[in-house]
>>> print(open('structure01.txt').read())   # compact mmCIF, N, CA and C atoms
# COMPACT_ATOMS: atom_id res chain seq x y z
N MET A 99 -2.10 18.12 5.70
CA MET A 99 -2.30 16.70 5.95
C MET A 99 -2.06 16.43 7.43
N GLN A 100 -2.97 15.71 8.05
CA GLN A 100 -2.85 15.41 9.47
C GLN A 100 -2.14 14.09 9.68
N THR A 101 -1.38 14.01 10.77
CA THR A 101 -0.73 12.76 11.14
C THR A 101 -1.03 12.48 12.60
N ARG A 102 -1.04 11.20 12.94
CA ARG A 102 -1.20 10.77 14.33
C ARG A 102 -0.28 9.58 14.55
N VAL A 103 0.01 9.30 15.81
CA VAL A 103 0.84 8.16 16.16
C VAL A 103 -0.05 7.15 16.86
N ASP A 104 -0.01 5.88 16.39
CA ASP A 104 -0.86 4.85 16.99
C ASP A 104 -0.22 4.28 18.25
N SER A 105 -0.88 3.30 18.85
CA SER A 105 -0.42 2.73 20.12
C SER A 105 0.92 2.01 20.01
N LEU A 106 1.33 1.65 18.78
CA LEU A 106 2.62 0.98 18.58
C LEU A 106 3.72 1.97 18.20
N GLY A 107 3.37 3.26 18.21
CA GLY A 107 4.36 4.28 17.89
C GLY A 107 4.56 4.51 16.41
N ARG A 108 3.66 3.97 15.57
CA ARG A 108 3.77 4.13 14.12
C ARG A 108 3.00 5.38 13.70
N GLU A 109 3.58 6.14 12.80
CA GLU A 109 2.92 7.34 12.32
C GLU A 109 1.82 6.96 11.35
N GLN A 110 0.64 7.56 11.54
CA GLN A 110 -0.51 7.35 10.68
C GLN A 110 -0.76 8.67 9.96
N VAL A 111 -1.02 8.62 8.66
CA VAL A 111 -1.28 9.83 7.90
C VAL A 111 -2.72 9.83 7.47
N LEU A 112 -3.43 10.90 7.78
CA LEU A 112 -4.79 11.09 7.31
C LEU A 112 -4.73 11.96 6.08
N GLY A 113 -5.45 11.57 5.04
CA GLY A 113 -5.46 12.32 3.79
C GLY A 113 -6.14 13.66 3.94
N SER A 114 -6.23 14.38 2.86
CA SER A 114 -6.73 15.75 2.90
C SER A 114 -8.17 15.85 3.36
N SER A 115 -8.97 14.79 3.17
CA SER A 115 -10.36 14.88 3.58
C SER A 115 -10.51 14.75 5.09
N GLY A 116 -9.56 14.09 5.75
CA GLY A 116 -9.59 13.97 7.19
C GLY A 116 -10.72 13.10 7.71
N SER A 117 -11.41 12.37 6.83
CA SER A 117 -12.58 11.61 7.27
C SER A 117 -12.24 10.21 7.74
N GLY A 118 -10.98 9.80 7.62
CA GLY A 118 -10.64 8.46 8.06
C GLY A 118 -10.67 8.36 9.57
N GLY A 119 -11.28 7.29 10.07
CA GLY A 119 -11.33 7.09 11.51
C GLY A 119 -9.99 6.60 12.03
N PHE A 120 -9.75 6.78 13.30
CA PHE A 120 -8.50 6.34 13.89
C PHE A 120 -8.70 5.08 14.72
N SER A 121 -9.84 4.44 14.57
CA SER A 121 -10.16 3.28 15.39
C SER A 121 -9.49 2.00 14.91
N GLY A 122 -8.87 2.04 13.72
CA GLY A 122 -8.26 0.83 13.19
C GLY A 122 -9.20 0.05 12.32
N GLU A 123 -10.43 0.53 12.14
CA GLU A 123 -11.39 -0.16 11.30
C GLU A 123 -11.55 0.60 10.00
N GLY A 124 -11.52 -0.13 8.88
CA GLY A 124 -11.75 0.49 7.59
C GLY A 124 -13.21 0.33 7.21
N SER A 125 -13.66 1.07 6.22
CA SER A 125 -15.01 0.93 5.73
C SER A 125 -15.00 1.19 4.24
N MET A 126 -16.14 0.98 3.62
CA MET A 126 -16.23 1.17 2.18
C MET A 126 -16.19 2.66 1.82
N THR A 127 -16.42 3.57 2.74
CA THR A 127 -16.37 4.99 2.44
C THR A 127 -15.01 5.59 2.78
N THR A 128 -14.25 4.97 3.62
CA THR A 128 -12.90 5.43 3.96
C THR A 128 -11.91 4.70 3.07
N GLN A 129 -11.15 5.45 2.30
CA GLN A 129 -10.15 4.87 1.42
C GLN A 129 -8.85 4.75 2.19
N ARG A 130 -8.46 3.52 2.50
CA ARG A 130 -7.28 3.28 3.33
C ARG A 130 -6.25 2.48 2.53
N VAL A 131 -5.02 2.99 2.51
CA VAL A 131 -3.95 2.39 1.70
C VAL A 131 -2.78 2.03 2.61
N LEU A 132 -2.20 0.86 2.35
CA LEU A 132 -0.98 0.43 3.02
C LEU A 132 0.17 0.47 2.02
N VAL A 133 1.21 1.23 2.34
CA VAL A 133 2.41 1.34 1.50
C VAL A 133 3.55 0.64 2.22
N VAL A 134 4.22 -0.29 1.51
CA VAL A 134 5.32 -1.04 2.10
C VAL A 134 6.56 -0.84 1.22
N ASP A 135 7.56 -0.18 1.78
CA ASP A 135 8.80 0.08 1.03
C ASP A 135 9.92 0.30 2.04
N TYR A 136 11.09 -0.22 1.74
CA TYR A 136 12.25 -0.07 2.63
C TYR A 136 12.79 1.35 2.66
N ASP A 137 12.49 2.13 1.63
CA ASP A 137 13.06 3.46 1.46
C ASP A 137 12.12 4.53 2.04
N PRO A 138 12.56 5.21 3.12
CA PRO A 138 11.70 6.24 3.71
C PRO A 138 11.31 7.34 2.73
N SER A 139 12.19 7.71 1.81
CA SER A 139 11.85 8.77 0.86
C SER A 139 10.74 8.30 -0.10
N MET A 140 10.73 7.02 -0.46
CA MET A 140 9.67 6.49 -1.32
C MET A 140 8.34 6.46 -0.55
N ARG A 141 8.41 6.05 0.73
CA ARG A 141 7.18 6.05 1.54
C ARG A 141 6.61 7.46 1.63
N ASN A 142 7.47 8.45 1.86
CA ASN A 142 7.02 9.84 1.95
C ASN A 142 6.47 10.34 0.62
N LEU A 143 7.13 9.98 -0.47
CA LEU A 143 6.66 10.38 -1.79
C LEU A 143 5.26 9.82 -2.05
N LEU A 144 5.06 8.55 -1.74
CA LEU A 144 3.74 7.94 -1.96
C LEU A 144 2.67 8.55 -1.05
N ARG A 145 3.05 8.94 0.14
CA ARG A 145 2.11 9.66 1.02
C ARG A 145 1.63 10.93 0.32
N GLU A 146 2.56 11.67 -0.24
CA GLU A 146 2.22 12.92 -0.92
C GLU A 146 1.36 12.66 -2.16
N ILE A 147 1.77 11.69 -2.96
CA ILE A 147 1.05 11.39 -4.20
C ILE A 147 -0.38 10.94 -3.92
N LEU A 148 -0.55 10.10 -2.92
CA LEU A 148 -1.86 9.50 -2.65
C LEU A 148 -2.71 10.29 -1.66
N GLY A 149 -2.13 11.33 -1.07
CA GLY A 149 -2.83 12.09 -0.05
C GLY A 149 -4.15 12.68 -0.47
N ASP A 150 -4.33 12.96 -1.76
CA ASP A 150 -5.60 13.55 -2.20
C ASP A 150 -6.61 12.52 -2.69
N ILE A 151 -6.21 11.24 -2.77
CA ILE A 151 -7.18 10.21 -3.20
C ILE A 151 -7.44 9.16 -2.12
N ALA A 152 -6.65 9.14 -1.08
CA ALA A 152 -6.85 8.21 0.02
C ALA A 152 -7.11 8.99 1.30
N ASP A 153 -8.02 8.48 2.12
CA ASP A 153 -8.33 9.14 3.38
C ASP A 153 -7.27 8.86 4.43
N ARG A 154 -6.68 7.68 4.32
CA ARG A 154 -5.69 7.27 5.32
C ARG A 154 -4.60 6.45 4.64
N ILE A 155 -3.35 6.77 4.95
CA ILE A 155 -2.21 6.07 4.36
C ILE A 155 -1.32 5.61 5.50
N ASP A 156 -1.16 4.30 5.62
CA ASP A 156 -0.24 3.73 6.60
C ASP A 156 1.00 3.28 5.85
N VAL A 157 2.17 3.44 6.46
CA VAL A 157 3.42 3.06 5.80
C VAL A 157 4.19 2.08 6.66
N ALA A 158 4.80 1.11 6.00
CA ALA A 158 5.60 0.10 6.68
C ALA A 158 6.93 -0.01 5.96
N GLY A 159 7.99 -0.27 6.73
CA GLY A 159 9.33 -0.38 6.16
C GLY A 159 9.72 -1.80 5.78
N GLY A 160 8.89 -2.77 6.13
CA GLY A 160 9.23 -4.17 5.81
C GLY A 160 8.06 -5.09 6.07
N LEU A 161 8.31 -6.38 5.87
CA LEU A 161 7.26 -7.40 6.00
C LEU A 161 6.67 -7.48 7.40
N ARG A 162 7.50 -7.48 8.40
CA ARG A 162 7.02 -7.62 9.78
C ARG A 162 6.04 -6.50 10.13
N GLU A 163 6.43 -5.28 9.83
CA GLU A 163 5.57 -4.14 10.14
C GLU A 163 4.29 -4.18 9.29
N ALA A 164 4.40 -4.59 8.03
CA ALA A 164 3.22 -4.70 7.16
C ALA A 164 2.23 -5.72 7.72
N ARG A 165 2.74 -6.85 8.21
CA ARG A 165 1.86 -7.86 8.81
C ARG A 165 1.10 -7.29 10.00
N GLN A 166 1.78 -6.50 10.83
CA GLN A 166 1.13 -5.88 11.99
C GLN A 166 -0.01 -4.97 11.55
N TYR A 167 0.25 -4.16 10.55
CA TYR A 167 -0.80 -3.28 10.04
C TYR A 167 -1.98 -4.09 9.52
N LEU A 168 -1.69 -5.12 8.74
CA LEU A 168 -2.76 -5.93 8.15
C LEU A 168 -3.61 -6.63 9.21
N GLU A 169 -2.99 -7.01 10.30
CA GLU A 169 -3.73 -7.67 11.38
C GLU A 169 -4.63 -6.72 12.14
N ASN A 170 -4.32 -5.44 12.09
CA ASN A 170 -5.04 -4.46 12.91
C ASN A 170 -5.96 -3.52 12.15
N ALA A 171 -6.01 -3.61 10.84
CA ALA A 171 -6.83 -2.67 10.07
C ALA A 171 -7.29 -3.32 8.76
N ARG A 172 -8.28 -2.72 8.18
CA ARG A 172 -8.80 -3.17 6.88
C ARG A 172 -8.40 -2.14 5.83
N TYR A 173 -7.84 -2.60 4.74
CA TYR A 173 -7.34 -1.71 3.69
C TYR A 173 -8.11 -1.90 2.40
N ASN A 174 -8.11 -0.83 1.59
CA ASN A 174 -8.72 -0.87 0.27
C ASN A 174 -7.69 -1.13 -0.82
N LEU A 175 -6.40 -0.92 -0.49
CA LEU A 175 -5.33 -1.09 -1.46
C LEU A 175 -4.00 -1.21 -0.73
N SER A 176 -3.09 -2.01 -1.31
CA SER A 176 -1.73 -2.10 -0.78
C SER A 176 -0.75 -1.95 -1.92
N LEU A 177 0.30 -1.18 -1.67
CA LEU A 177 1.42 -1.06 -2.61
C LEU A 177 2.64 -1.58 -1.89
N SER A 178 3.39 -2.46 -2.55
CA SER A 178 4.58 -3.02 -1.92
C SER A 178 5.75 -3.05 -2.89
N GLU A 179 6.90 -2.68 -2.38
CA GLU A 179 8.16 -2.84 -3.11
C GLU A 179 8.45 -4.34 -3.24
N LEU A 180 9.05 -4.73 -4.33
CA LEU A 180 9.43 -6.14 -4.54
C LEU A 180 10.52 -6.56 -3.55
N LEU A 181 11.54 -5.72 -3.38
CA LEU A 181 12.66 -6.05 -2.50
C LEU A 181 12.46 -5.41 -1.13
N LEU A 182 12.34 -6.26 -0.12
CA LEU A 182 12.13 -5.78 1.24
C LEU A 182 13.20 -6.34 2.16
N PRO A 183 13.51 -5.66 3.25
CA PRO A 183 14.57 -6.10 4.15
C PRO A 183 14.38 -7.51 4.72
N GLU A 184 13.16 -7.87 5.02
CA GLU A 184 12.92 -9.17 5.67
C GLU A 184 12.41 -10.23 4.69
N GLY A 185 12.56 -10.00 3.41
CA GLY A 185 12.08 -10.96 2.43
C GLY A 185 11.68 -10.27 1.14
N SER A 186 10.72 -10.85 0.47
CA SER A 186 10.29 -10.37 -0.82
C SER A 186 8.87 -9.81 -0.76
N GLY A 187 8.62 -8.81 -1.57
CA GLY A 187 7.26 -8.30 -1.70
C GLY A 187 6.33 -9.38 -2.21
N LEU A 188 6.88 -10.37 -2.91
CA LEU A 188 6.05 -11.49 -3.39
C LEU A 188 5.48 -12.28 -2.20
N GLU A 189 6.25 -12.38 -1.11
CA GLU A 189 5.73 -13.03 0.10
C GLU A 189 4.52 -12.29 0.62
N LEU A 190 4.60 -10.97 0.61
CA LEU A 190 3.48 -10.16 1.08
C LEU A 190 2.27 -10.32 0.15
N VAL A 191 2.52 -10.35 -1.15
CA VAL A 191 1.43 -10.54 -2.11
C VAL A 191 0.72 -11.87 -1.84
N ARG A 192 1.50 -12.93 -1.61
CA ARG A 192 0.90 -14.24 -1.33
C ARG A 192 0.13 -14.24 -0.01
N LEU A 193 0.71 -13.62 1.03
CA LEU A 193 0.04 -13.51 2.32
C LEU A 193 -1.30 -12.79 2.18
N ILE A 194 -1.29 -11.68 1.49
CA ILE A 194 -2.52 -10.92 1.30
C ILE A 194 -3.53 -11.74 0.50
N GLY A 195 -3.07 -12.44 -0.52
CA GLY A 195 -3.97 -13.28 -1.31
C GLY A 195 -4.62 -14.37 -0.48
N ASP A 196 -3.86 -14.94 0.45
CA ASP A 196 -4.37 -16.01 1.31
C ASP A 196 -5.31 -15.49 2.40
N LYS A 197 -4.91 -14.43 3.08
CA LYS A 197 -5.67 -13.95 4.25
C LYS A 197 -6.66 -12.84 3.94
N TYR A 198 -6.38 -12.04 2.91
CA TYR A 198 -7.21 -10.88 2.59
C TYR A 198 -7.46 -10.84 1.08
N PRO A 199 -8.14 -11.84 0.54
CA PRO A 199 -8.27 -11.97 -0.91
C PRO A 199 -8.96 -10.80 -1.61
N GLU A 200 -9.73 -10.01 -0.88
CA GLU A 200 -10.40 -8.87 -1.48
C GLU A 200 -9.50 -7.64 -1.61
N LEU A 201 -8.29 -7.70 -1.04
CA LEU A 201 -7.38 -6.56 -1.04
C LEU A 201 -6.47 -6.57 -2.27
N PRO A 202 -6.63 -5.59 -3.16
CA PRO A 202 -5.74 -5.52 -4.32
C PRO A 202 -4.33 -5.09 -3.91
N VAL A 203 -3.33 -5.67 -4.57
CA VAL A 203 -1.93 -5.36 -4.29
C VAL A 203 -1.24 -4.91 -5.57
N ILE A 204 -0.58 -3.77 -5.49
CA ILE A 204 0.25 -3.28 -6.58
C ILE A 204 1.69 -3.49 -6.15
N LEU A 205 2.45 -4.20 -6.95
CA LEU A 205 3.86 -4.47 -6.66
C LEU A 205 4.71 -3.45 -7.39
N MET A 206 5.66 -2.84 -6.69
CA MET A 206 6.54 -1.84 -7.28
C MET A 206 7.94 -2.42 -7.43
N THR A 207 8.59 -2.11 -8.56
CA THR A 207 9.95 -2.60 -8.77
C THR A 207 10.71 -1.72 -9.74
N SER A 208 12.01 -1.70 -9.57
CA SER A 208 12.90 -1.02 -10.52
C SER A 208 13.40 -1.99 -11.58
N PHE A 209 13.02 -3.27 -11.43
CA PHE A 209 13.50 -4.33 -12.33
C PHE A 209 12.33 -5.08 -12.94
N PRO A 210 11.57 -4.44 -13.85
CA PRO A 210 10.37 -5.06 -14.40
C PRO A 210 10.65 -6.04 -15.54
N THR A 211 11.48 -7.04 -15.28
CA THR A 211 11.79 -8.03 -16.31
C THR A 211 10.57 -8.92 -16.55
N SER A 212 10.61 -9.68 -17.61
CA SER A 212 9.49 -10.59 -17.89
C SER A 212 9.38 -11.64 -16.79
N ASP A 213 10.50 -12.06 -16.21
CA ASP A 213 10.47 -13.02 -15.11
C ASP A 213 9.78 -12.41 -13.88
N VAL A 214 10.11 -11.17 -13.55
CA VAL A 214 9.49 -10.49 -12.41
C VAL A 214 7.99 -10.34 -12.66
N ARG A 215 7.62 -9.93 -13.86
CA ARG A 215 6.20 -9.78 -14.19
C ARG A 215 5.46 -11.11 -14.04
N SER A 216 6.08 -12.16 -14.51
CA SER A 216 5.47 -13.48 -14.44
C SER A 216 5.32 -13.95 -12.98
N ARG A 217 6.38 -13.78 -12.19
CA ARG A 217 6.31 -14.18 -10.77
C ARG A 217 5.30 -13.34 -10.00
N ALA A 218 5.22 -12.06 -10.31
CA ALA A 218 4.25 -11.18 -9.65
C ALA A 218 2.82 -11.62 -9.97
N ALA A 219 2.57 -11.93 -11.23
CA ALA A 219 1.23 -12.38 -11.63
C ALA A 219 0.88 -13.71 -10.96
N ARG A 220 1.82 -14.65 -10.94
CA ARG A 220 1.56 -15.94 -10.29
C ARG A 220 1.32 -15.79 -8.79
N ALA A 221 1.99 -14.83 -8.16
CA ALA A 221 1.83 -14.61 -6.72
C ALA A 221 0.48 -13.97 -6.41
N GLY A 222 -0.11 -13.30 -7.41
CA GLY A 222 -1.41 -12.68 -7.20
C GLY A 222 -1.43 -11.16 -7.22
N ALA A 223 -0.33 -10.54 -7.64
CA ALA A 223 -0.30 -9.07 -7.73
C ALA A 223 -1.33 -8.63 -8.78
N HIS A 224 -2.02 -7.55 -8.47
CA HIS A 224 -3.03 -7.04 -9.38
C HIS A 224 -2.43 -6.14 -10.46
N ALA A 225 -1.27 -5.55 -10.16
CA ALA A 225 -0.60 -4.68 -11.12
C ALA A 225 0.86 -4.53 -10.72
N LEU A 226 1.67 -4.09 -11.68
CA LEU A 226 3.08 -3.83 -11.43
C LEU A 226 3.34 -2.37 -11.77
N LEU A 227 3.94 -1.65 -10.84
CA LEU A 227 4.27 -0.24 -11.04
C LEU A 227 5.78 -0.14 -11.14
N GLU A 228 6.24 0.30 -12.30
CA GLU A 228 7.67 0.37 -12.56
C GLU A 228 8.27 1.65 -11.99
N LYS A 229 9.35 1.47 -11.22
CA LYS A 229 10.10 2.61 -10.68
C LYS A 229 11.21 2.96 -11.66
N PRO A 230 11.56 4.19 -11.83
CA PRO A 230 10.87 5.35 -11.28
C PRO A 230 9.55 5.59 -12.03
N PHE A 231 8.59 6.12 -11.32
CA PHE A 231 7.28 6.40 -11.91
C PHE A 231 6.95 7.86 -11.72
N SER A 232 6.06 8.35 -12.55
CA SER A 232 5.59 9.73 -12.39
C SER A 232 4.50 9.75 -11.32
N ASN A 233 4.31 10.91 -10.74
CA ASN A 233 3.24 11.05 -9.76
C ASN A 233 1.90 10.68 -10.38
N GLN A 234 1.70 11.12 -11.62
CA GLN A 234 0.43 10.85 -12.31
C GLN A 234 0.24 9.35 -12.55
N ALA A 235 1.30 8.63 -12.90
CA ALA A 235 1.18 7.18 -13.13
C ALA A 235 0.79 6.46 -11.85
N ALA A 236 1.42 6.83 -10.74
CA ALA A 236 1.10 6.20 -9.45
C ALA A 236 -0.33 6.53 -9.04
N ARG A 237 -0.70 7.77 -9.17
CA ARG A 237 -2.06 8.20 -8.80
C ARG A 237 -3.10 7.49 -9.67
N SER A 238 -2.83 7.40 -10.95
CA SER A 238 -3.77 6.79 -11.89
C SER A 238 -4.01 5.31 -11.59
N ILE A 239 -2.93 4.56 -11.37
CA ILE A 239 -3.09 3.13 -11.11
C ILE A 239 -3.80 2.89 -9.77
N CYS A 240 -3.51 3.73 -8.79
CA CYS A 240 -4.17 3.58 -7.49
C CYS A 240 -5.65 3.94 -7.58
N LYS A 241 -5.97 4.98 -8.33
CA LYS A 241 -7.38 5.36 -8.52
C LYS A 241 -8.17 4.22 -9.16
N ARG A 242 -7.53 3.50 -10.04
CA ARG A 242 -8.20 2.38 -10.72
C ARG A 242 -8.70 1.35 -9.71
N PHE A 243 -7.92 1.12 -8.67
CA PHE A 243 -8.30 0.12 -7.67
C PHE A 243 -9.13 0.70 -6.53
N LEU A 244 -9.03 2.00 -6.30
CA LEU A 244 -9.81 2.62 -5.24
C LEU A 244 -11.19 3.06 -5.72
N ALA A 245 -11.33 3.34 -6.99
CA ALA A 245 -12.59 3.87 -7.53
C ALA A 245 -13.83 3.05 -7.17
N PRO A 246 -13.77 1.70 -7.22
CA PRO A 246 -14.98 0.94 -6.90
C PRO A 246 -15.46 1.13 -5.47
N CYS A 247 -14.60 1.61 -4.58
CA CYS A 247 -14.95 1.77 -3.16
C CYS A 247 -15.60 3.12 -2.90
N ARG A 248 -15.46 4.07 -3.79
CA ARG A 248 -16.00 5.42 -3.58
C ARG A 248 -17.48 5.46 -3.82
>>> encode(input="structure01.txt", output="structure tokens")
Amino acid sequence: MQTRVDSLGREQVLGSSGSGGFSGEGSMTTQRVLVVDYDPSMRNLLREILGDIADRIDVAGGLREARQYLENARYNLSLSELLLPEGSGLELVRLIGDKYPELPVILMTSFPTSDVRSRAARAGAHALLEKPFSNQAARSICKRFLAPCR
């Protein structure tokens, strides 16, 4: 798997196909995913899990960094943790719904209560991925949202 560092010093991961451009522009043939999670080990795990189905995976540790990525690139899918250092993943879901309505968002949480499910749905999340999850479960749900772009 190839990695590069962008002009802001953020590590960019190119998937196994290596066909993702580094220009910051997405396309319908390049599968680009944004992963937002406070936990570096979770970000790395998702890079590994999604590396064979996404051409490019960008990772952010919080809301501020996720906003920067969203302003500079076009994504086919976003996965976000519910609990983030600078706020809630629900804020990100709402932001994406307002500014990037075509971008599906999968919300991840270790606390999938009925209240969380309800708030996630009202905010506009397309799916909820319960932690801990299997590699296959994460890959499967992401493929569901990436498949129409292939």
>>> select_by_dssp(input="structure01.txt", residues="region 155-246 of chain A", states="strand (DSSP E or B)", output="PDB file with N, CA and C atoms, in the coordinates of the input")
ATOM      1  N   ILE A 155      -3.350   6.770   4.950  1.00  0.00           N
ATOM      2  CA  ILE A 155      -2.210   6.070   4.360  1.00  0.00           C
ATOM      3  C   ILE A 155      -1.320   5.610   5.500  1.00  0.00           C
ATOM      4  N   ASP A 156      -1.160   4.300   5.620  1.00  0.00           N
ATOM      5  CA  ASP A 156      -0.240   3.730   6.600  1.00  0.00           C
ATOM      6  C   ASP A 156       1.000   3.280   5.850  1.00  0.00           C
ATOM      7  N   VAL A 157       2.170   3.440   6.460  1.00  0.00           N
ATOM      8  CA  VAL A 157       3.420   3.060   5.800  1.00  0.00           C
ATOM      9  C   VAL A 157       4.190   2.080   6.660  1.00  0.00           C
ATOM     10  N   ALA A 158       4.800   1.110   6.000  1.00  0.00           N
ATOM     11  CA  ALA A 158       5.600   0.100   6.680  1.00  0.00           C
ATOM     12  C   ALA A 158       6.930  -0.010   5.960  1.00  0.00           C
ATOM     13  N   LEU A 175      -6.400  -0.920  -0.490  1.00  0.00           N
ATOM     14  CA  LEU A 175      -5.330  -1.090  -1.460  1.00  0.00           C
ATOM     15  C   LEU A 175      -4.000  -1.210  -0.730  1.00  0.00           C
ATOM     16  N   SER A 176      -3.090  -2.010  -1.310  1.00  0.00           N
ATOM     17  CA  SER A 176      -1.730  -2.100  -0.780  1.00  0.00           C
ATOM     18  C   SER A 176      -0.750  -1.950  -1.920  1.00  0.00           C
ATOM     19  N   LEU A 177       0.300  -1.180  -1.670  1.00  0.00           N
ATOM     20  CA  LEU A 177       1.420  -1.060  -2.610  1.00  0.00           C
ATOM     21  C   LEU A 177       2.640  -1.580  -1.890  1.00  0.00           C
ATOM     22  N   SER A 178       3.390  -2.460  -2.550  1.00  0.00           N
ATOM     23  CA  SER A 178       4.580  -3.020  -1.920  1.00  0.00           C
ATOM     24  C   SER A 178       5.750  -3.050  -2.890  1.00  0.00           C
ATOM     25  N   GLU A 179       6.900  -2.680  -2.380  1.00  0.00           N
ATOM     26  CA  GLU A 179       8.160  -2.840  -3.110  1.00  0.00           C
ATOM     27  C   GLU A 179       8.450  -4.340  -3.240  1.00  0.00           C
ATOM     28  N   LEU A 181      11.540  -5.720  -3.380  1.00  0.00           N
ATOM     29  CA  LEU A 181      12.660  -6.050  -2.500  1.00  0.00           C
ATOM     30  C   LEU A 181      12.460  -5.410  -1.130  1.00  0.00           C
ATOM     31  N   LEU A 182      12.340  -6.260  -0.120  1.00  0.00           N
ATOM     32  CA  LEU A 182      12.130  -5.780   1.240  1.00  0.00           C
ATOM     33  C   LEU A 182      13.200  -6.340   2.160  1.00  0.00           C
ATOM     34  N   GLY A 185      12.560 -10.000   3.410  1.00  0.00           N
ATOM     35  CA  GLY A 185      12.080 -10.960   2.430  1.00  0.00           C
ATOM     36  C   GLY A 185      11.680 -10.270   1.140  1.00  0.00           C
ATOM     37  N   SER A 186      10.720 -10.850   0.470  1.00  0.00           N
ATOM     38  CA  SER A 186      10.290 -10.370  -0.820  1.00  0.00           C
ATOM     39  C   SER A 186       8.870  -9.810  -0.760  1.00  0.00           C
ATOM     40  N   VAL A 203      -3.330  -5.670  -4.570  1.00  0.00           N
ATOM     41  CA  VAL A 203      -1.930  -5.360  -4.290  1.00  0.00           C
ATOM     42  C   VAL A 203      -1.240  -4.910  -5.570  1.00  0.00           C
ATOM     43  N   ILE A 204      -0.580  -3.770  -5.490  1.00  0.00           N
ATOM     44  CA  ILE A 204       0.250  -3.280  -6.580  1.00  0.00           C
ATOM     45  C   ILE A 204       1.690  -3.490  -6.150  1.00  0.00           C
ATOM     46  N   LEU A 205       2.450  -4.200  -6.950  1.00  0.00           N
ATOM     47  CA  LEU A 205       3.860  -4.470  -6.660  1.00  0.00           C
ATOM     48  C   LEU A 205       4.710  -3.450  -7.390  1.00  0.00           C
ATOM     49  N   MET A 206       5.660  -2.840  -6.690  1.00  0.00           N
ATOM     50  CA  MET A 206       6.540  -1.840  -7.280  1.00  0.00           C
ATOM     51  C   MET A 206       7.940  -2.420  -7.430  1.00  0.00           C
ATOM     52  N   THR A 207       8.590  -2.110  -8.560  1.00  0.00           N
ATOM     53  CA  THR A 207       9.950  -2.600  -8.770  1.00  0.00           C
ATOM     54  C   THR A 207      10.710  -1.720  -9.740  1.00  0.00           C
ATOM     55  N   ALA A 225      -1.270  -5.550 -10.160  1.00  0.00           N
ATOM     56  CA  ALA A 225      -0.600  -4.680 -11.120  1.00  0.00           C
ATOM     57  C   ALA A 225       0.860  -4.530 -10.720  1.00  0.00           C
ATOM     58  N   LEU A 226       1.670  -4.090 -11.680  1.00  0.00           N
ATOM     59  CA  LEU A 226       3.080  -3.830 -11.430  1.00  0.00           C
ATOM     60  C   LEU A 226       3.340  -2.370 -11.770  1.00  0.00           C
ATOM     61  N   LEU A 227       3.940  -1.650 -10.840  1.00  0.00           N
ATOM     62  CA  LEU A 227       4.270  -0.240 -11.040  1.00  0.00           C
ATOM     63  C   LEU A 227       5.780  -0.140 -11.140  1.00  0.00           C
ATOM     64  N   GLU A 228       6.240   0.300 -12.300  1.00  0.00           N
ATOM     65  CA  GLU A 228       7.670   0.370 -12.560  1.00  0.00           C
ATOM     66  C   GLU A 228       8.270   1.650 -11.990  1.00  0.00           C
TER      67      GLU A 228
END
>>> residues_around(input="structure01.txt", residues="region 134-149 of chain A", least_positions_apart="6", cutoff="7 Å", atoms="all atoms listed in the file", output="PyMOL selection string")
chain A and resi 112-115+155-160+164+176-179+181-183+233+236-237
>>> atom_distance(input="structure01.txt", atom1="atom C of Ala219 (chain A)", atom2="atom C of Thr128 (chain A)")
26.4 Å
>>> residues_around(input="structure01.txt", residues="Val203 (chain A)", least_positions_apart="2", cutoff="12 Å", atoms="only C-alpha atoms", output="VMD selection string")
chain A and resid 131 to 134 173 to 180 187 to 195 198 to 201 205 to 206 218 to 219 221 to 227 239 to 240 242 to 244
>>> atom_distance(input="structure01.txt", atom1="CA of Ile151 (chain A)", atom2="CA of Gln166 (chain A)")
23.6 Å
>>> select_by_dssp(input="structure01.txt", residues="region 120-162 of chain A", states="helix (DSSP H, G or I)", output="ChimeraX atom specification")
/A:138-148,161-162
>>> residues_around(input="structure01.txt", residues="Pro230 (chain A)", least_positions_apart="4", cutoff="8 Å", atoms="only N, CA and C atoms", output="number ranges by chain")
A: 207-209
>>> atom_distance(input="structure01.txt", atom1="CA of Pro202 (chain A)", atom2="atom C of Arg154 (chain A)")
15.0 Å
>>> closest_residue(input="structure01.txt", among="A:Pro210, A:Asp196, A:Glu163, A:Glu184", to="Glu228 (chain A)", atoms="only C-alpha atoms")
A:Pro210
>>> closest_residue(input="structure01.txt", among="A:Arg130, A:Ala235, A:Lys241, A:Gly185", to="Tyr167 (chain A)", atoms="only C-alpha atoms")
A:Arg130
